Structures are given as structure tokens and as C-alpha cells.
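Structure below is query28.txt: compact mmCIF, C-alpha atoms.
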# COMPACT_ATOMS: atom_id res chain seq x y z
CA MET A 1 -65.65 2.58 -39.67
CA THR A 2 -68.99 0.75 -39.79
CA SER A 3 -70.40 -0.16 -36.39
CA PRO A 4 -71.88 -3.67 -35.97
CA ALA A 5 -75.39 -2.20 -35.75
CA ASP A 6 -74.93 -0.73 -39.24
CA LEU A 7 -73.31 -3.76 -40.80
CA ARG A 8 -75.28 -5.70 -43.39
CA LEU A 9 -73.68 -9.07 -44.06
CA LEU A 10 -74.29 -11.32 -47.05
CA SER A 11 -73.30 -14.96 -46.50
CA VAL A 12 -73.12 -16.92 -49.75
CA THR A 13 -73.09 -20.65 -50.37
CA THR A 14 -73.91 -22.64 -53.47
CA HIS A 15 -74.96 -25.53 -51.24
CA SER A 16 -78.53 -25.83 -50.04
CA TYR A 17 -79.23 -24.73 -46.48
CA PRO A 18 -80.99 -26.26 -43.45
CA PRO A 19 -83.41 -27.92 -43.28
CA GLN A 20 -82.58 -29.00 -46.84
CA ARG A 21 -78.94 -29.78 -46.10
CA TYR A 22 -76.95 -30.19 -42.89
CA SER A 23 -73.16 -30.13 -42.75
CA GLY A 24 -70.43 -28.39 -40.81
CA SER A 25 -70.43 -25.46 -43.22
CA GLU A 26 -74.16 -24.84 -42.95
CA MET A 27 -74.32 -25.20 -39.18
CA SER A 28 -71.26 -22.97 -38.75
CA THR A 29 -72.92 -20.37 -40.97
CA HIS A 30 -76.06 -20.54 -38.86
CA ASP A 31 -74.16 -20.16 -35.58
CA MET A 32 -72.11 -17.31 -37.06
CA CYS A 33 -75.28 -15.46 -38.07
CA MET A 34 -76.91 -16.02 -34.68
CA SER A 35 -73.87 -14.75 -32.78
CA LEU A 36 -73.34 -11.74 -35.04
CA MET A 37 -76.99 -10.77 -34.64
CA GLU A 38 -76.36 -10.36 -30.91
CA HIS A 39 -73.95 -7.58 -31.91
CA GLY A 40 -76.50 -5.90 -34.16
CA VAL A 41 -75.25 -7.32 -37.47
CA ARG A 42 -78.00 -7.95 -40.02
CA PRO A 43 -77.14 -11.15 -41.92
CA THR A 44 -78.68 -12.50 -45.10
CA VAL A 45 -77.86 -16.00 -46.35
CA LEU A 46 -77.97 -16.70 -50.08
CA ALA A 47 -78.20 -20.44 -50.73
CA LYS A 48 -79.31 -22.98 -53.29
CA LEU A 49 -82.93 -24.07 -53.42
CA ASP A 50 -83.32 -27.83 -53.36
CA LEU A 51 -86.45 -28.44 -55.40
CA LYS A 52 -86.96 -31.75 -53.60
CA TRP A 53 -87.80 -29.77 -50.46
CA LEU A 54 -90.43 -27.07 -50.83
CA ARG A 55 -91.63 -26.85 -47.23
CA ARG A 56 -91.33 -23.51 -45.50
CA SER A 57 -88.63 -22.90 -42.91
CA SER A 58 -87.98 -19.90 -40.74
CA PHE A 59 -84.85 -18.35 -39.25
CA PRO A 60 -84.40 -15.15 -37.22
CA TYR A 61 -82.38 -13.84 -40.18
CA GLU A 62 -83.15 -13.73 -43.88
CA VAL A 63 -82.44 -16.81 -46.02
CA ILE A 64 -82.81 -16.40 -49.78
CA ARG A 65 -83.03 -19.72 -51.63
CA VAL A 66 -82.60 -19.73 -55.40
CA ARG A 67 -81.91 -22.38 -58.02
CA ASP A 68 -78.54 -20.86 -58.98
CA PRO A 69 -77.01 -18.61 -56.28
CA VAL A 70 -74.11 -17.54 -58.53
CA LYS A 71 -76.49 -16.07 -61.09
CA GLN A 72 -78.43 -14.20 -58.40
CA ILE A 73 -75.52 -12.53 -56.59
CA ALA A 74 -75.79 -9.25 -58.51
CA THR A 75 -79.54 -9.03 -57.90
CA VAL A 76 -79.21 -9.76 -54.18
CA VAL A 77 -76.35 -7.27 -53.77
CA ALA A 78 -78.37 -4.57 -55.52
CA ARG A 79 -81.39 -5.17 -53.30
CA ARG A 80 -79.68 -5.80 -49.95
CA THR A 81 -76.57 -3.56 -50.36
CA PRO A 82 -74.35 -5.60 -48.00
CA ALA A 83 -71.37 -3.90 -46.42
CA VAL A 84 -69.37 -7.14 -46.54
CA ALA A 85 -69.84 -10.69 -47.80
CA VAL A 86 -68.64 -14.10 -46.65
CA ILE A 87 -68.39 -17.00 -49.07
CA GLN A 88 -68.99 -20.18 -47.12
CA ALA A 89 -68.98 -23.22 -49.39
CA GLY A 90 -69.42 -24.50 -52.90
CA ALA A 91 -68.39 -22.48 -55.95
CA GLN A 92 -66.30 -20.04 -53.94
CA ILE A 93 -64.18 -18.74 -56.80
CA GLU A 94 -67.11 -17.89 -59.06
CA CYS A 95 -68.84 -16.15 -56.16
CA ALA A 96 -65.70 -14.23 -55.22
CA ARG A 97 -65.18 -12.92 -58.75
CA GLN A 98 -68.74 -11.60 -58.89
CA LEU A 99 -68.70 -10.00 -55.45
CA VAL A 100 -65.42 -8.12 -55.88
CA ALA A 101 -66.54 -6.99 -59.34
CA LEU A 102 -69.58 -5.48 -57.62
CA GLY A 103 -67.32 -3.68 -55.13
CA VAL A 104 -68.23 -5.78 -52.08
CA PRO A 105 -65.41 -6.51 -49.59
CA THR A 106 -65.48 -10.29 -49.42
CA LEU A 107 -64.14 -12.90 -47.03
CA VAL A 108 -63.54 -16.36 -48.47
CA TYR A 109 -63.95 -18.80 -45.58
CA VAL A 110 -62.03 -21.95 -46.53
CA ARG A 111 -63.51 -24.93 -44.69
CA ASP A 112 -62.00 -27.90 -46.52
CA VAL A 113 -59.00 -28.76 -48.67
CA GLN A 114 -60.74 -30.59 -51.51
CA PHE A 115 -59.35 -27.99 -53.89
CA GLU A 116 -59.88 -30.20 -56.93
CA ARG A 117 -63.58 -29.31 -56.71
CA LEU A 118 -62.98 -25.55 -56.99
CA SER A 119 -62.93 -25.34 -60.81
CA GLY A 120 -60.23 -22.72 -60.55
CA ALA A 121 -57.76 -21.21 -58.12
CA TYR A 122 -58.05 -18.86 -55.17
CA PHE A 123 -56.82 -15.44 -56.24
CA GLU A 124 -55.74 -12.15 -54.70
CA HIS A 125 -57.72 -8.89 -55.02
CA PRO A 126 -57.78 -5.67 -52.95
CA LEU A 127 -61.35 -6.43 -51.85
CA LEU A 128 -60.70 -10.11 -51.09
CA SER A 129 -59.64 -11.60 -47.76
CA TYR A 130 -59.25 -15.20 -46.64
CA ALA A 131 -59.93 -17.13 -43.46
CA ALA A 132 -59.44 -20.84 -42.77
CA ASN A 133 -61.05 -23.05 -40.16
CA SER A 134 -57.74 -24.50 -38.93
CA SER A 135 -54.01 -24.08 -39.13
CA PHE A 136 -53.98 -27.23 -41.25
CA THR A 137 -56.38 -25.70 -43.79
CA ALA A 138 -54.49 -22.40 -43.79
CA GLY A 139 -51.25 -24.27 -44.42
CA GLU A 140 -52.74 -26.13 -47.38
CA VAL A 141 -54.05 -22.89 -48.90
CA GLN A 142 -50.63 -21.28 -48.48
CA ARG A 143 -48.84 -24.30 -49.97
CA THR A 144 -51.21 -24.67 -52.92
CA PHE A 145 -52.06 -21.07 -53.81
CA GLY A 146 -49.52 -18.91 -51.96
CA ILE A 147 -52.35 -17.12 -50.13
CA THR A 148 -52.30 -16.34 -46.40
CA CYS A 149 -55.43 -17.05 -44.35
CA ASP A 150 -56.41 -15.89 -40.89
CA VAL A 151 -57.26 -18.94 -38.77
CA ILE A 152 -60.83 -18.74 -37.42
CA PRO A 153 -62.15 -22.12 -36.23
CA PRO A 154 -65.86 -22.89 -36.65
CA LEU A 155 -68.07 -20.93 -34.29
CA VAL A 156 -70.16 -23.29 -32.14
CA ARG A 157 -72.72 -21.78 -29.78
CA ARG A 158 -72.40 -23.62 -26.49
CA ALA A 159 -76.02 -23.12 -25.45
CA ALA A 160 -77.26 -24.82 -28.63
CA TYR A 161 -75.24 -28.00 -28.01
CA GLU A 162 -74.59 -28.46 -24.30
CA THR A 163 -76.52 -31.26 -22.64
CA GLU A 164 -76.24 -33.71 -19.76
CA SER A 165 -75.44 -36.96 -21.50
CA GLU A 166 -76.71 -40.38 -20.46
CA ARG A 167 -73.49 -41.76 -22.02
CA THR A 168 -75.10 -44.87 -23.46
CA HIS A 169 -74.09 -44.82 -27.14
CA VAL A 170 -71.17 -44.43 -29.54
CA ALA A 171 -72.27 -41.60 -31.84
CA PHE A 172 -71.32 -41.36 -35.50
CA VAL A 173 -72.38 -38.36 -37.61
CA ASN A 174 -72.64 -38.32 -41.41
CA PRO A 175 -72.80 -41.88 -42.78
CA HIS A 176 -70.66 -41.52 -45.88
CA ARG A 177 -67.60 -43.44 -47.01
CA ALA A 178 -65.30 -40.43 -46.68
CA LYS A 179 -66.37 -40.01 -43.06
CA GLY A 180 -65.43 -43.59 -42.13
CA LEU A 181 -68.74 -45.38 -42.64
CA ARG A 182 -67.02 -48.74 -43.19
CA THR A 183 -65.15 -48.41 -39.89
CA MET A 184 -68.34 -47.61 -38.00
CA PHE A 185 -70.10 -50.69 -39.37
CA ALA A 186 -67.05 -52.84 -38.62
CA LEU A 187 -66.95 -51.64 -35.02
CA ALA A 188 -70.68 -52.21 -34.51
CA ARG A 189 -70.25 -55.81 -35.67
CA ARG A 190 -67.10 -56.31 -33.62
CA LEU A 191 -68.51 -54.76 -30.41
CA PRO A 192 -72.05 -56.08 -29.97
CA GLN A 193 -72.01 -55.00 -26.31
CA CYS A 194 -71.85 -51.33 -27.44
CA LYS A 195 -74.83 -49.38 -28.74
CA PHE A 196 -74.27 -47.09 -31.69
CA ILE A 197 -76.28 -44.11 -32.91
CA VAL A 198 -75.86 -42.90 -36.50
CA VAL A 199 -77.04 -39.45 -37.59
CA GLU A 200 -77.51 -38.41 -41.19
CA CYS A 201 -75.92 -35.16 -42.34
CA TRP A 202 -75.01 -34.82 -46.01
CA PRO A 203 -77.87 -35.67 -48.39
CA LEU A 204 -78.46 -39.35 -49.11
CA SER A 205 -80.42 -40.75 -52.00
CA GLN A 206 -83.49 -42.74 -51.07
CA TRP A 207 -81.73 -45.87 -52.36
CA ASP A 208 -78.56 -45.31 -50.31
CA ARG A 209 -80.56 -44.47 -47.19
CA ALA A 210 -82.65 -47.62 -47.54
CA LYS A 211 -79.56 -49.80 -48.04
CA LEU A 212 -77.76 -48.34 -45.06
CA ARG A 213 -80.74 -48.58 -42.75
CA ILE A 214 -81.24 -52.24 -43.70
CA ALA A 215 -77.55 -52.94 -43.03
CA ALA A 216 -77.77 -51.19 -39.66
CA LYS A 217 -80.89 -53.15 -38.70
CA ARG A 218 -79.21 -56.44 -39.57
CA ILE A 219 -76.29 -55.68 -37.26
CA GLY A 220 -78.75 -55.02 -34.47
CA ASN A 221 -76.99 -52.54 -32.18
CA ILE A 222 -77.32 -49.41 -34.36
CA THR A 223 -80.00 -46.74 -33.99
CA TRP A 224 -80.40 -44.73 -37.21
CA CYS A 225 -81.49 -41.09 -36.99
CA ALA A 226 -82.45 -38.48 -39.56
CA ALA A 227 -80.57 -35.18 -39.74
CA THR A 228 -81.62 -32.78 -37.02
CA THR A 229 -81.34 -29.10 -36.16
CA ASP A 230 -80.96 -30.01 -32.48
CA MET A 231 -77.88 -32.16 -31.98
CA ARG A 232 -78.51 -32.21 -28.24
CA THR A 233 -80.89 -35.09 -28.94
CA VAL A 234 -77.84 -37.02 -30.15
CA TYR A 235 -75.27 -35.87 -27.62
CA HIS A 236 -77.78 -36.55 -24.84
CA ARG A 237 -77.13 -40.25 -25.52
CA ALA A 238 -73.47 -40.16 -26.55
CA ARG A 239 -70.71 -41.68 -24.44
CA ILE A 240 -68.18 -41.40 -27.26
CA LEU A 241 -68.09 -39.55 -30.58
CA LEU A 242 -66.55 -41.58 -33.39
CA ALA A 243 -64.84 -39.64 -36.22
CA PRO A 244 -62.95 -42.19 -38.36
CA SER A 245 -62.64 -39.89 -41.39
CA ARG A 246 -60.75 -41.06 -44.44
CA TRP A 247 -60.24 -37.62 -45.95
CA ASN A 248 -58.41 -34.53 -44.77
CA GLU A 249 -60.98 -32.86 -42.54
CA GLY A 250 -60.52 -29.11 -42.33
CA TRP A 251 -61.52 -29.08 -38.65
CA GLY A 252 -64.30 -31.49 -37.69
CA ARG A 253 -67.08 -29.36 -36.20
CA VAL A 254 -68.81 -32.31 -34.51
CA VAL A 255 -65.70 -32.71 -32.35
CA THR A 256 -66.20 -29.28 -30.82
CA GLU A 257 -69.92 -29.89 -30.46
CA ALA A 258 -69.29 -33.12 -28.52
CA HIS A 259 -66.57 -31.61 -26.33
CA ILE A 260 -69.02 -29.00 -25.07
CA SER A 261 -70.89 -31.79 -23.24
CA GLY A 262 -67.72 -33.51 -22.10
CA ILE A 263 -67.96 -36.29 -24.69
CA PRO A 264 -64.56 -37.72 -25.68
CA VAL A 265 -63.76 -38.26 -29.35
CA ILE A 266 -61.99 -41.09 -31.13
CA ALA A 267 -60.78 -39.71 -34.45
CA THR A 268 -58.40 -40.34 -37.30
CA ASP A 269 -55.06 -38.58 -37.00
CA ILE A 270 -55.66 -36.73 -40.26
CA GLY A 271 -56.10 -33.19 -41.56
CA GLY A 272 -57.37 -30.71 -38.97
CA LEU A 273 -58.75 -33.34 -36.58
CA PRO A 274 -55.68 -33.27 -34.30
CA GLU A 275 -56.35 -29.53 -33.80
CA SER A 276 -60.02 -29.95 -33.01
CA VAL A 277 -59.57 -33.02 -30.79
CA GLY A 278 -56.65 -31.59 -28.84
CA GLY A 279 -56.43 -33.50 -25.57
CA GLY A 280 -60.13 -34.35 -25.61
CA GLY A 281 -59.90 -37.76 -27.18
CA ILE A 282 -57.84 -40.47 -28.84
CA LEU A 283 -56.25 -40.16 -32.27
CA ILE A 284 -55.88 -43.28 -34.40
CA ASP A 285 -53.33 -43.56 -37.18
CA ARG A 286 -54.96 -43.32 -40.60
CA ASP A 287 -53.46 -46.68 -41.61
CA ALA A 288 -54.51 -48.51 -38.44
CA GLY A 289 -56.85 -51.47 -38.72
CA ASP A 290 -60.18 -52.09 -37.06
CA GLU A 291 -58.51 -53.61 -34.00
CA ALA A 292 -56.94 -50.29 -33.02
CA TRP A 293 -60.32 -48.55 -33.27
CA ALA A 294 -62.02 -51.30 -31.28
CA ASP A 295 -59.37 -51.13 -28.56
CA ALA A 296 -59.92 -47.39 -28.19
CA VAL A 297 -63.71 -47.75 -28.00
CA GLU A 298 -63.45 -50.56 -25.44
CA LEU A 299 -61.04 -48.54 -23.32
CA LEU A 300 -63.47 -45.63 -23.05
CA TRP A 301 -66.46 -47.94 -22.75
CA ASN A 302 -65.11 -50.22 -20.01
CA ASP A 303 -62.60 -48.30 -17.88
CA PRO A 304 -64.43 -45.70 -15.73
CA THR A 305 -61.22 -44.10 -14.45
CA VAL A 306 -59.76 -43.56 -17.91
CA TYR A 307 -63.13 -42.44 -19.21
CA ALA A 308 -63.50 -39.82 -16.47
CA GLU A 309 -60.07 -38.45 -17.37
CA TYR A 310 -61.09 -38.08 -21.01
CA VAL A 311 -64.41 -36.48 -20.07
CA ALA A 312 -62.51 -33.83 -18.11
CA ALA A 313 -60.10 -33.38 -21.03
CA ALA A 314 -63.00 -32.99 -23.47
CA ARG A 315 -64.59 -30.29 -21.32
CA ALA A 316 -61.21 -28.54 -21.07
CA ALA A 317 -60.81 -28.72 -24.85
CA SER A 318 -64.19 -27.00 -25.26
CA MET A 319 -62.98 -24.13 -23.06
CA ARG A 320 -59.86 -23.34 -25.11
CA PRO A 321 -59.66 -19.68 -26.18
CA GLU A 322 -59.38 -20.66 -29.83
CA VAL A 323 -62.88 -22.18 -29.83
CA ASP A 324 -64.57 -19.66 -27.53
CA GLU A 325 -67.66 -18.45 -29.36
CA HIS A 326 -67.35 -14.86 -28.09
CA ARG A 327 -63.71 -14.58 -29.16
CA LEU A 328 -64.56 -16.03 -32.56
CA CYS A 329 -67.40 -13.56 -33.01
CA GLU A 330 -65.07 -10.71 -32.06
CA ALA A 331 -62.48 -12.01 -34.53
CA LEU A 332 -65.07 -12.00 -37.33
CA LEU A 333 -66.21 -8.49 -36.47
CA ALA A 334 -62.61 -7.28 -36.40
CA LYS A 335 -62.01 -8.93 -39.76
CA PHE A 336 -65.07 -7.27 -41.30
CA ASN A 337 -64.04 -3.84 -40.03
CA ALA A 338 -60.50 -4.34 -41.32
CA MET A 339 -61.94 -5.23 -44.73
CA LEU A 340 -64.12 -2.11 -44.72
CA ALA A 341 -61.18 0.08 -43.73
CA GLN A 342 -59.25 -1.12 -46.82
CA LYS A 343 -62.13 -0.45 -49.22

Using C-alpha cells, write down the structure that the file contains.
Amino acid sequence: MTSPADLRLLSVTTHSYPPQRYSGSEMSTHDMCMSLMEHGVRPTVLAKLDLKWLRRSSFPYEVIRVRDPVKQIATVVARRTPAVAVIQAGAQIECARQLVALGVPTLVYVRDVQFERLSGAYFEHPLLSYAANSSFTAGEVQRTFGITCDVIPPLVRRAAYETESERTHVAFVNPHRAKGLRTMFALARRLPQCKFIVVECWPLSQWDRAKLRIAAKRIGNITWCAATTDMRTVYHRARILLAPSRWNEGWGRVVTEAHISGIPVIATDIGGLPESVGGGGILIDRDAGDEAWADAVELLWNDPTVYAEYVAAARAASMRPEVDEHRLCEALLAKFNAMLAQK
């Protein structure tokens, strides 16, 4: 069996990679690589090159950026000879077919349930294994494709996110419609006594960014921030994390990030969010109106006793075994060794 110090890992995504793109998948990949390196694993990330961003960036592990990652898999495998591969996001099925054809034991890490974007179906193969970021996601994969996934929530490194918060703002990450952008704007208008901070995540066109920033400025109580590699600058100000998603989140990585600093979350009762929130926040019915969201924000904003209870619950949620970074790293290592043993 391969020891961690001998294990070369190829992590594949057809998305671009920080600092070109920030999302839960990319940040989870980064934290996974950082944690595995502490065990001697040598990771390489293969990602898409965004030609709009040609500045250099450096990581303590190798990142290969190419225009079409799918077409470069064979070349990268030949040159890096990975022991195992993990497919993180994007064209997972195309990547999986190439990797198993090349004889590489491959883990498909399912992070969302927008299966209509797959351009195909997940499939079974002796060299293919599956993991999902939540029980919800695993259940949807089983129901849709008849495939069983191990449940491995996103790995979040506590030291990279923990901060002492001033608790002055309602934080909202990823200003897109699917993430509840309309609800955030409605709450900012409805609650002028509250200060909001909005952080970009998924790419925005220059036109969309300009429109949104103008709208935020007109409301007057919204601070708009560019995407960042250091979310502590956001959580340092956050009293509440708002996650009013309209789609079935696989997990909701920002929830775990916020919990680490004892920041309660108000989230939609949808997808995997009930799993990630646990007791560390308030869940709002997906069909509830703005009044229900405003009531929840005002409760945590105005009642110090209730707020203190939710802060304690958020910290407790961050200490659950299922989100412990060391346990998750061990689970990944065990999965890789099991895959190698079956080769």
C-alpha cells in the first residue's frame, strides 16, 4: 500500500482556479491540498486557464493552468504519474472517462446536484469511486444514478478562517440570483439600521458588477468587496452570515467557515444547508417571504441573550466530528489507499 509520502495526487477541475475564480469547490480543493501536504502527499491541480487573467500566482503545490483541461489530462498523467486522481468540478464525466482509461484510480467528488449540467451520467468502473459533500448530495446521486457515495464534507482549515469578529455586519457571499441576491437587497432596504457586507465569489461580468455596485451604493448600508483569498477580512466584521440560497446547495462551505469564528447563520432550509448549519443558526422555509428573513436578522441583531446562545451553538457546530479537518484528511487518505488496494 502506498504511504502518504509516496502518494502523488492529481486534482482535476475544468473550472478556473484562484485567484481567477473563487467558489466552494476551489477553496475546498485548496484546503484539501494544504492538509494532505502535511501528511507528505504531493498534489498537483489541473485547472482551466482564464485568459482574462494572466498575472502570476503561487501556491505551495503545483497548479497547471491550461485552456482545455480535458484535452490535457493524458499529457499531465504521463508527466506527473499520479497514484490517484480527484475530480473536483466541471466536466466530471469526461474527466473520469479519460482518467480510468489511463489506469488512474479516480475519486469523483460530487459537490452539487445540478446534474443537468453534466452532459452525461455518472457511471461505475473498477477504478472509479465516489464521494459527496453531504448526505443530501449522496442521496441525490443514489436516487438519480444508483451510485453510492461516501460522505466527506468540505475540508475547511480552521487556522485559515478563525478570527475574533467585531460583529458589526450581516455578511453575504457570492452575489448571484441563485444564492439569494434578491433577498439580500430586500433585507438591506428593509433594515437600514443593519450594515451589510457583500463579497464576490463566482465570476461577474464587468457590466453585472457595475450594476450591482451601483444598486448597493444607492441603498446606502452595503459595503461591496472583491473576492479574496483571506475570508478572515470578511468574518472579522460579520455578526451574521446570510445564506438565502434559492437552489439546492450541496453543503454550503461558507457556513462552516463562519461557524469557526462563532458566527451564526441564517439560511434557507434547502438542499444540504440543514446539515451544514446544524444548530448553529436559523433555517428559513424556502417559500417564506422577506418578513421571515427580516425577523430572523432582527432577532440576532437586537437580542443579546439569544445572539449569545447562537454564537455558542455556531462554535459547537464547528467542532462536530464530521467537519473536523483532521478527520476529513484521514478519511481522504483512507479512501485513496482503499482505491489503490483495488487497482

Per-axis box centre and lengths in Å around region 32-45 of chain A, 6 Å margin per side, axis-aligned, as JSON:
{"center_x": -75.4, "center_y": -11.6, "center_z": -38.6, "size_x": 18.6, "size_y": 23.4, "size_z": 27.4}

**Request:** Can you work out the spacing between CA of Gln20 (chain A) and CA of Ser205 (chain A) in Å, to one decimal?
**Result:**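 It comes out at 13.0 Å.
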
Pull the neighbourhood of (-71.2, -7.0, -62.3) for me: all residues within 12 Å in file coordinates, counting all atoms listed in the file, as an mmCIF file with C-alpha atoms, keeping the file's coordinate frame.
data_model
loop_
_atom_site.group_PDB
_atom_site.id
_atom_site.type_symbol
_atom_site.label_atom_id
_atom_site.label_comp_id
_atom_site.auth_asym_id
_atom_site.auth_seq_id
_atom_site.Cartn_x
_atom_site.Cartn_y
_atom_site.Cartn_z
ATOM 1 C CA VAL A 70 -74.110 -17.540 -58.530
ATOM 2 C CA LYS A 71 -76.490 -16.070 -61.090
ATOM 3 C CA GLN A 72 -78.430 -14.200 -58.400
ATOM 4 C CA ILE A 73 -75.520 -12.530 -56.590
ATOM 5 C CA ALA A 74 -75.790 -9.250 -58.510
ATOM 6 C CA THR A 75 -79.540 -9.030 -57.900
ATOM 7 C CA VAL A 76 -79.210 -9.760 -54.180
ATOM 8 C CA VAL A 77 -76.350 -7.270 -53.770
ATOM 9 C CA ALA A 78 -78.370 -4.570 -55.520
ATOM 10 C CA CYS A 95 -68.840 -16.150 -56.160
ATOM 11 C CA ALA A 96 -65.700 -14.230 -55.220
ATOM 12 C CA ARG A 97 -65.180 -12.920 -58.750
ATOM 13 C CA GLN A 98 -68.740 -11.600 -58.890
ATOM 14 C CA LEU A 99 -68.700 -10.000 -55.450
ATOM 15 C CA VAL A 100 -65.420 -8.120 -55.880
ATOM 16 C CA ALA A 101 -66.540 -6.990 -59.340
ATOM 17 C CA LEU A 102 -69.580 -5.480 -57.620
ATOM 18 C CA GLY A 103 -67.320 -3.680 -55.130
ATOM 19 C CA VAL A 104 -68.230 -5.780 -52.080
#

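By chain and then residue number, the residues within 10 Å of region 179-181 of chain A are Phe172, Val173, Asn174, Pro175, His176, Arg177, Thr183, Met184, Phe185, Ala186, Val198, Leu212, Leu242, Ala243, Pro244, Ser245, Arg246, Trp247, Asn248, Glu249, Ala267 and Thr268 of chain A, counting only C-alpha atoms and disregarding those fewer than 2 positions away in sequence.
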
Selection above as a file: C-alpha atoms, as a PDB file, in the coordinates of the input:
ATOM      1  CA  PHE A 172     -71.320 -41.360 -35.500  1.00  0.00           C
ATOM      2  CA  VAL A 173     -72.380 -38.360 -37.610  1.00  0.00           C
ATOM      3  CA  ASN A 174     -72.640 -38.320 -41.410  1.00  0.00           C
ATOM      4  CA  PRO A 175     -72.800 -41.880 -42.780  1.00  0.00           C
ATOM      5  CA  HIS A 176     -70.660 -41.520 -45.880  1.00  0.00           C
ATOM      6  CA  ARG A 177     -67.600 -43.440 -47.010  1.00  0.00           C
ATOM      7  CA  THR A 183     -65.150 -48.410 -39.890  1.00  0.00           C
ATOM      8  CA  MET A 184     -68.340 -47.610 -38.000  1.00  0.00           C
ATOM      9  CA  PHE A 185     -70.100 -50.690 -39.370  1.00  0.00           C
ATOM     10  CA  ALA A 186     -67.050 -52.840 -38.620  1.00  0.00           C
ATOM     11  CA  VAL A 198     -75.860 -42.900 -36.500  1.00  0.00           C
ATOM     12  CA  LEU A 212     -77.760 -48.340 -45.060  1.00  0.00           C
ATOM     13  CA  LEU A 242     -66.550 -41.580 -33.390  1.00  0.00           C
ATOM     14  CA  ALA A 243     -64.840 -39.640 -36.220  1.00  0.00           C
ATOM     15  CA  PRO A 244     -62.950 -42.190 -38.360  1.00  0.00           C
ATOM     16  CA  SER A 245     -62.640 -39.890 -41.390  1.00  0.00           C
ATOM     17  CA  ARG A 246     -60.750 -41.060 -44.440  1.00  0.00           C
ATOM     18  CA  TRP A 247     -60.240 -37.620 -45.950  1.00  0.00           C
ATOM     19  CA  ASN A 248     -58.410 -34.530 -44.770  1.00  0.00           C
ATOM     20  CA  GLU A 249     -60.980 -32.860 -42.540  1.00  0.00           C
ATOM     21  CA  ALA A 267     -60.780 -39.710 -34.450  1.00  0.00           C
ATOM     22  CA  THR A 268     -58.400 -40.340 -37.300  1.00  0.00           C
TER      23      THR A 268
END

**Asked** To one decimal place, how far is CA of Thr13 (chain A) from CA of Gly90 (chain A) in Å?
**Response**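 We find that CA of Thr13 (chain A) and CA of Gly90 (chain A) lie 5.9 Å from each other.
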
**Complete:** Using all atoms listed in the file, the best pick from A:Ala317, A:Met27, A:Ala131, A:Ala258 as closest to Trp202 (chain A) would be A:Met27

I'd like the neighbourhood of region 147-164 of chain A as an mmCIF file with C-alpha atoms, keeping the file's coordinate frame, where a residue qualifies if any of its atoms comes within 6 Å (using all atoms listed in the file), though same-chain residues fewer than 4 positions away should be ignored.
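New file selection_34.cif:
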data_model
loop_
_atom_site.group_PDB
_atom_site.id
_atom_site.type_symbol
_atom_site.label_atom_id
_atom_site.label_comp_id
_atom_site.auth_asym_id
_atom_site.auth_seq_id
_atom_site.Cartn_x
_atom_site.Cartn_y
_atom_site.Cartn_z
ATOM 1 C CA SER A 28 -71.260 -22.970 -38.750
ATOM 2 C CA TYR A 130 -59.250 -15.200 -46.640
ATOM 3 C CA ALA A 131 -59.930 -17.130 -43.460
ATOM 4 C CA ALA A 132 -59.440 -20.840 -42.770
ATOM 5 C CA ASN A 133 -61.050 -23.050 -40.160
ATOM 6 C CA SER A 134 -57.740 -24.500 -38.930
ATOM 7 C CA ALA A 138 -54.490 -22.400 -43.790
ATOM 8 C CA GLN A 142 -50.630 -21.280 -48.480
ATOM 9 C CA ARG A 232 -78.510 -32.210 -28.240
ATOM 10 C CA HIS A 236 -77.780 -36.550 -24.840
ATOM 11 C CA ILE A 260 -69.020 -29.000 -25.070
ATOM 12 C CA SER A 261 -70.890 -31.790 -23.240
ATOM 13 C CA GLU A 325 -67.660 -18.450 -29.360
#

**Request:** Could you check which of A:Gly146, A:Pro126, A:Gly289, A:Gly250 is closest to Ile270 (chain A), using all atoms listed in the file?
**Result:** A:Gly250

**Closest of A:Gly252, A:Pro43, A:Gly139, A:Pro321 to Thr29 (chain A) - atom-to-atom distances counting all atoms listed in the file** =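 Closest candidate: A:Pro43.
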
**Asked** Could you state the separation of CA of Trp207 (chain A) and CA of Leu187 (chain A) in Å, given to one decimal place?
**Response**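 These atoms are spaced 23.5 Å apart.
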